[in-house]
Amino acid sequence: MNILVCIKQVPDDSVEVSMGKDGKPEIDGITPVVNAFDTYALEMATRLKESLNDGSEITALCVGPESAKNSLKNCLAVGADHAYLVNDESIDDIDSIGIAEVLKNAVEKLAEEKGKFDLIFTGKEATDAALGQTGIYLAAKLGTAVITNIIDVKVEDGSIEAKHETEEGYRVIEAAMPAVLTVTKPEYDPRYPTIKNKMAARRKQIDEMNISELSALDEITAKIKKAAEYEPPKRSAGIKIKEESDEESALKAIQMMVEAKVL
Amino acid sequence: MRKEDTTNNILVYVETVDGAPVKAGLEALTPAHILSEKNGGEVIAAVLGKDISEAAKRIAASGADRVITVDSEELAVYNLDAYADILRQIIEKEKVDAVLLGGTVDGKDLAPKLAAVLETAAVSDVADIKIEGEKTFFVTTEYSGAIYCDVSIDDVRPQIATIRSGAFKKPEGASDGKLENESLKVSDDVVKAKVKDTVKEITEAVNLEDAEIIVSGGRGMGSKENFGLVEQLAKILGGEVGATRPAIEEGWIAKNHQVGQSGKIVSPKLYIAAGISGATQHLSGITGSDYIVAINKDEDAPIFSVANVGIVGDAMKVLPVMIDEIKKIREG
Ligand SMILES: Cc1cc2nc3c(=O)[nH]c(=O)nc-3n(C[C@H](O)[C@H](O)[C@H](O)COP(=O)(O)OP(=O)(O)OC[C@H]3O[C@@H](n4cnc5c(N)ncnc54)[C@H](O)[C@@H]3O)c2cc1C
Ligand SMILES: Nc1ncnc2c1ncn2[C@@H]1O[C@H](COP(=O)(O)O)[C@@H](O)[C@H]1O
C-alpha cells in the first residue's frame with residue numbers, strides 16, 4: 001500500500017508560549033518538533049505497514065519552512081520511507097483550508113510520480129493552533145471518505161475499518177480506500193529512533209516542492225483573519241504551605257479552605 | 001454564500017444523546033442570541049435523529065425562536081457525512097449568517113465538514129464573542145491556551161464556529177419557540193464512511209463541566225491503590241473525580257475523567273490537584289476554577305503558580321489527613 005502521513009512542524013508543546021514585543025507569540029526560541037498528534041499518526045501508519053509486511057511504503061509530507069526538513073528527518077528515522085517538504089516561506093497569510101488545498105495539490109502531484117495514495121493520515125489537530133480541521137478539508141477536496149479521531153485501524157479486502165474515539169468508547173467505522181484518517185492518541189506511545197535508523201535518516205534525501213508551483217495564491221489566502229493575539233489574564237499564585245510535617249501542612253491547608261469558605 | 005445573500009438568522013445545531021439535548025448544544029444558543037441581536041435576526045435550532053420530538057420541545061423551551069426537526073430512520077445513528085448533508089440543506093434553505101455548534105467530538109467534525117461543503121470557513125473552540133461596531137470577533141486560543149486570538153470571517157458566509165463547552169451558560173428563563181418538522185433526505189453518494197458498530201466502554205456518566213467540586217489526581221499518585229485516595233476525597237466532598245492524561249493512560253481511571261486541553265474544560269468552585277505537575281495542557285482546562293488547592297512534593301511544580309493554596313508535600317500523607325478532617329467537619 002501507498003501511505004501518506006501529513007506532518008506539521010510546531011513549537012515544542014511542553015514550553016509555555018508568551019507574547020513577544022512585536023505583538024506576536026514569541027516562538028523563535030522554542031525547539032520545533034513534529035506535532036504530537038502527527039507522531040501518533042506516523043506510529044499508527046508504521047504499525048500498519050509492519051503488520052501488512054507487503055512492501056507498503058510511507059511518505060511524510062510537510063508544508064512548512066526549510067527548517068522543517070529536520071522534523072521530516074526525524075520521521076524518516078521512525079517509519080517513513082520518503083519525505084517531502086512544500087516550502088511555504090513565501091506565504092504568511094494562510095489558514096487550514098489553504099493548507100488543505102496545498103496538501104491536495106501535493107498529493108496529486110506525488111501520485112503522478114509514485115502512484116495514488118491508498119491511505120492518508122493526519123493528526124486530529126495541531127498543538128499550536130488546535131483547529132482540528134485540515135484532515136476533514138483535505139478529504140472533502142480529494143472527494144474521499146474521512147474517518148476522524150481514530151485510535152486503531154485495520155485493512156481488509158481493499159477497505160478499511162477504524163475505531164473512532166467517542167466520549168464513552170468508540171464507533172467502528174468502515175470506508176473504501178482511498179481515505180483520510182485523522183488520528184488521536186492511541187493506547188501506545190510513538191517509538192524512539194534507534195541510533196542506526198537515525199544515522200540512515202540523516203543521509204536520506206528530502207525532496208522539496210515550492211508552494212507557488214502547487215497553488216495559486218488567491219486560492220489559499222486565509223478566510224479567517226487574525227485581528228489580535230494576547231495573553232489571557234493570569235491567575236496569581238497564592239500561598240505555599242510547607243510545615244514541619246505533611247500532617248501539619250494538611251491541617252493548615254484545611255484551615256485556610258475553611259476560612260475561604262470553599263468546604 | 002456571499003454576505004448580501006444571507007439573512008440575519010443564526011443556526012445552532014443542538015446534538016442529542018439518548019433523546020436529550022446535550023449541554024454544549026444548549027449553551028451554543030447563548031452566543032447565537034448575542035449574534036442575532038446584533039442585526040435583529042432569529043435563533044434557529046436544528047435537531048437531527050430519530051424519536052427526538054421531546055428533545056425538540058425542550059430546545060424550543062430553552063431559548064430557540066424556531067426549532068427545525070428532522071426525525072428519520074436514516075438519521076437514527078449519527079454519521080458525519082449524512083448529518084452534514086442534512087445540515088447543509090437546512091443552511092442553504094434558511095440562508096443563515098452564522099452556524100454555531102457545541103464543541104463536542106461530533107460538533108468539532110461537523111464544523112469543518114460544513115465549511116468544506118459550503119465553501120466557507122470555521123473557527124474552532126470559541127471561548128467568547130466580541131461585537132465591535134459592524135464586526136464580529138470570535139475569541140479562540142492557541143498554544144495550549146497560553147495565547148488568546150481574536151479572529152473574524154469577513155468575506156464568506158455562513159460563519160461557522162464551534163463553541164467551547166462551558167464558555168457560555170445555557171440561556172436562562174423559559175421561551176416558546178416554534179416547532180417545525182422537515183422531511184429531508186440524505187443525498188445520494190454523500191455517505192462515504194459507514195458506522196458499523198457503536199461500542200460503549202464507559203457506562204458511568206461523569207459531569208465534570210457542572211461539578212462544583214473536583215478532586216483530580218496525576219501521575220504523582222503512583223498507583224491505582226493510591227489513586228483511590230483522590231476518589232475518597234472527592235466522595236466525601238460530594239465532588240467529581242478528575243485526572244491528568246498520564247493517570248488515565250496508567251489505567252487508574254476511565255478516560256471520561258480527563259481534565260485539560262484534550263479532556264474537559266472545568267470551572268468548579270473548588271479544584272484540588274494531587275500529584276499533578278501543571279503542564280499547560282492541564283492548566284488550560286482548570287484556570288476557570290474559583291479556588292485551586294495543589295498538593296505536590298516538588299516545590300517548583302508549575303501547578304503552584306495557579307494555586308490559591310499550595311501544599312508542598314507527599315500526597316499519600318496529605319490526602320488521608322484531609323479526608324479525616326473534612327469528614328469531621330462534614331459530620332460535626
Ligand atoms: C497534544 C497533547 C494533549 C494533551 N492533553 C492533555 C489533557 O487534556 N490533560 C492532561 O492532563 N494532560 C494532557 N497532556 C499531557 C500533558 O502534557 C502532561 O504530560 C500531563 O498533564 C502531566 O500529567 P501529570 O501532572 O499527572 O504528570 P507529571 O507531569 O509526571 O507530574 C507528576 C507530578 O507529581 C508529583 N509527585 C510525584 N510524587 C508525588 C507525591 N508522592 N506526592 C505529591 N506529588 C508527587 C511530581 O512532583 C510531579 O510534579 C497532553 C499532551 C499533549 C502532547
Ligand atoms: N502545514 C502542514 N503540513 C502538513 N500537514 C499539516 C499542516 N498543517 C496541518 N496539517 C495536518 O493536519 C492536522 C490537523 O491540523 P489542524 O487542522 O491545523 O489542527 C495535523 O495534525 C497535520 O497532520
# chains A, B, ... in the order shown; residues from 1 in each chain; ligands from 1
$ interface_residues --of "chain B" --to "chain A" --cutoff "7 Å" --atoms "only C-alpha atoms" --output "PyMOL selection string"
chain B and resi 105+112-113+116+121+124+142-144+146-153+192-202+256+270+280+304-314+317-318+321-322
$ residues_near_ligand --ligand "ligand 1" --cutoff "7 Å" --atoms "only C-alpha atoms and all ligand atoms" --output "number ranges by chain"
A: 13-14, 36-37, 127; B: 217-222, 243-247, 258-263, 274-282, 295-298, 301, 313-316
$ atom_distance --atom1 "atom CA of B:Glu331" --atom2 "atom CA of B:Lys235"
13.8 Å
$ closest_residue --among "B:Val241, B:Val293, B:Ala122, B:Ala82" --to "ligand 2" --atoms "only C-alpha atoms and all ligand atoms"
B:Ala122
$ select_by_dssp --residues "stretch 22-267 of chain B" --states "strand (DSSP E)" --output "JSON, numbers by chain"
{"B": [43, 44, 45, 46, 47, 48, 49, 66, 67, 68, 69, 70, 71, 98, 99, 100, 101, 102, 121, 122, 123, 124, 125, 126, 128, 129, 130, 131, 132, 135, 136, 137, 138, 139, 140, 141, 142, 147, 148, 149, 150, 151, 152, 153, 159, 160, 161, 162, 163, 178, 179, 180, 181, 193, 194, 195, 196, 197, 198, 199, 200, 213, 214, 215, 216, 217, 240, 241, 242, 243]}
$ residues_around --residues "A:Glu89" --least-positions-apart "4" --cutoff "9 Å" --atoms "only C-alpha atoms" --output "tab-separated table (two decimals) with all heavy atoms, in the first residue's frame"
chain	number	residue	atom	x	y	z
A	64	GLY	N	5.82	23.66	5.24
A	64	GLY	CA	6.47	24.41	6.31
A	64	GLY	C	7.75	25.05	5.85
A	64	GLY	O	8.08	25.04	4.65
A	65	PRO	N	8.51	25.63	6.78
A	65	PRO	CA	9.76	26.30	6.43
A	65	PRO	C	10.89	25.30	6.18
A	65	PRO	O	10.75	24.12	6.50
A	65	PRO	CB	10.06	27.14	7.68
A	65	PRO	CG	9.44	26.36	8.80
A	65	PRO	CD	8.22	25.70	8.21
A	66	GLU	N	11.97	25.79	5.63
A	66	GLU	CA	13.16	24.99	5.36
A	66	GLU	C	13.58	24.16	6.58
A	66	GLU	O	13.96	23.00	6.46
A	66	GLU	CB	14.29	25.96	4.95
A	66	GLU	CG	15.60	25.33	4.58
A	66	GLU	CD	15.56	24.62	3.22
A	66	GLU	OE1	14.69	24.96	2.39
A	66	GLU	OE2	16.42	23.74	3.01
A	211	ILE	N	5.57	26.08	-2.87
A	211	ILE	CA	4.13	26.28	-2.69
A	211	ILE	C	3.51	27.00	-3.88
A	211	ILE	O	2.41	26.66	-4.32
A	211	ILE	CB	3.85	27.02	-1.36
A	211	ILE	CG1	2.40	26.85	-0.94
A	211	ILE	CG2	4.24	28.48	-1.43
A	211	ILE	CD1	2.14	27.18	0.50
$ residues_around --residues "stretch 71-81 of chain A" --least-positions-apart "5" --cutoff "6 Å" --atoms "only C-alpha atoms" --output "list in words"
Val34, Thr46, Ile58, Thr59, Pro193, Asn197, Lys198 and Ala201 of chain A
$ write_last_selection --atoms "N, CA, C and O atoms" --output "tab-separated table (two decimals), in the first residue's frame"
chain	number	residue	atom	x	y	z
A	34	VAL	N	7.82	17.76	15.62
A	34	VAL	CA	6.68	17.25	14.87
A	34	VAL	C	5.46	17.31	15.79
A	34	VAL	O	5.54	16.88	16.95
A	46	THR	N	3.01	3.28	10.74
A	46	THR	CA	4.17	2.38	10.72
A	46	THR	C	3.78	0.99	11.23
A	46	THR	O	4.19	-0.03	10.67
A	58	ILE	N	5.65	4.37	3.31
A	58	ILE	CA	5.08	5.57	3.94
A	58	ILE	C	5.84	6.81	3.46
A	58	ILE	O	7.07	6.85	3.49
A	59	THR	N	5.09	7.80	3.03
A	59	THR	CA	5.68	9.09	2.66
A	59	THR	C	5.21	10.13	3.67
A	59	THR	O	4.03	10.19	3.99
A	193	PRO	N	13.68	6.56	17.80
A	193	PRO	CA	14.51	6.01	16.73
A	193	PRO	C	15.71	5.26	17.31
A	193	PRO	O	16.23	5.64	18.36
A	197	ASN	N	18.92	3.78	12.74
A	197	ASN	CA	17.89	4.42	11.91
A	197	ASN	C	18.09	5.93	11.83
A	197	ASN	O	17.82	6.56	10.81
A	198	LYS	N	18.56	6.49	12.92
A	198	LYS	CA	18.80	7.92	12.97
A	198	LYS	C	19.90	8.31	11.97
A	198	LYS	O	19.76	9.27	11.22
A	201	ALA	N	18.64	7.97	8.45
A	201	ALA	CA	17.72	9.07	8.10
A	201	ALA	C	18.50	10.34	7.74
A	201	ALA	O	18.12	11.08	6.84
$ select_by_dssp --residues "stretch 65-246 of chain A" --states "alpha helix (DSSP H)" --output "MDAnalysis selection string"
chainID A and resid 68:77 96:114 134:142 195:203 211:214 217:220 246
$ residues_around --residues "B:Ile272" --least-positions-apart "5" --cutoff "7 Å" --atoms "only C-alpha atoms" --output "PyMOL selection string"
chain B and resi 214-216+292-294
$ write_last_selection --atoms "C-alpha atoms" --output "mmCIF file, in the first residue's frame"
data_model
loop_
_atom_site.group_PDB
_atom_site.id
_atom_site.type_symbol
_atom_site.label_atom_id
_atom_site.label_comp_id
_atom_site.auth_asym_id
_atom_site.auth_seq_id
_atom_site.Cartn_x
_atom_site.Cartn_y
_atom_site.Cartn_z
ATOM 1 C CA ILE B 214 -13.424 18.383 41.584
ATOM 2 C CA VAL B 215 -10.578 16.379 43.079
ATOM 3 C CA SER B 216 -8.030 15.366 40.455
ATOM 4 C CA ILE B 292 -7.369 25.796 43.427
ATOM 5 C CA VAL B 293 -5.576 23.679 46.011
ATOM 6 C CA ALA B 294 -2.472 21.821 44.862
#
$ atom_distance --atom1 "atom CA of B:Glu250" --atom2 "atom CA of B:Lys327"
29.0 Å
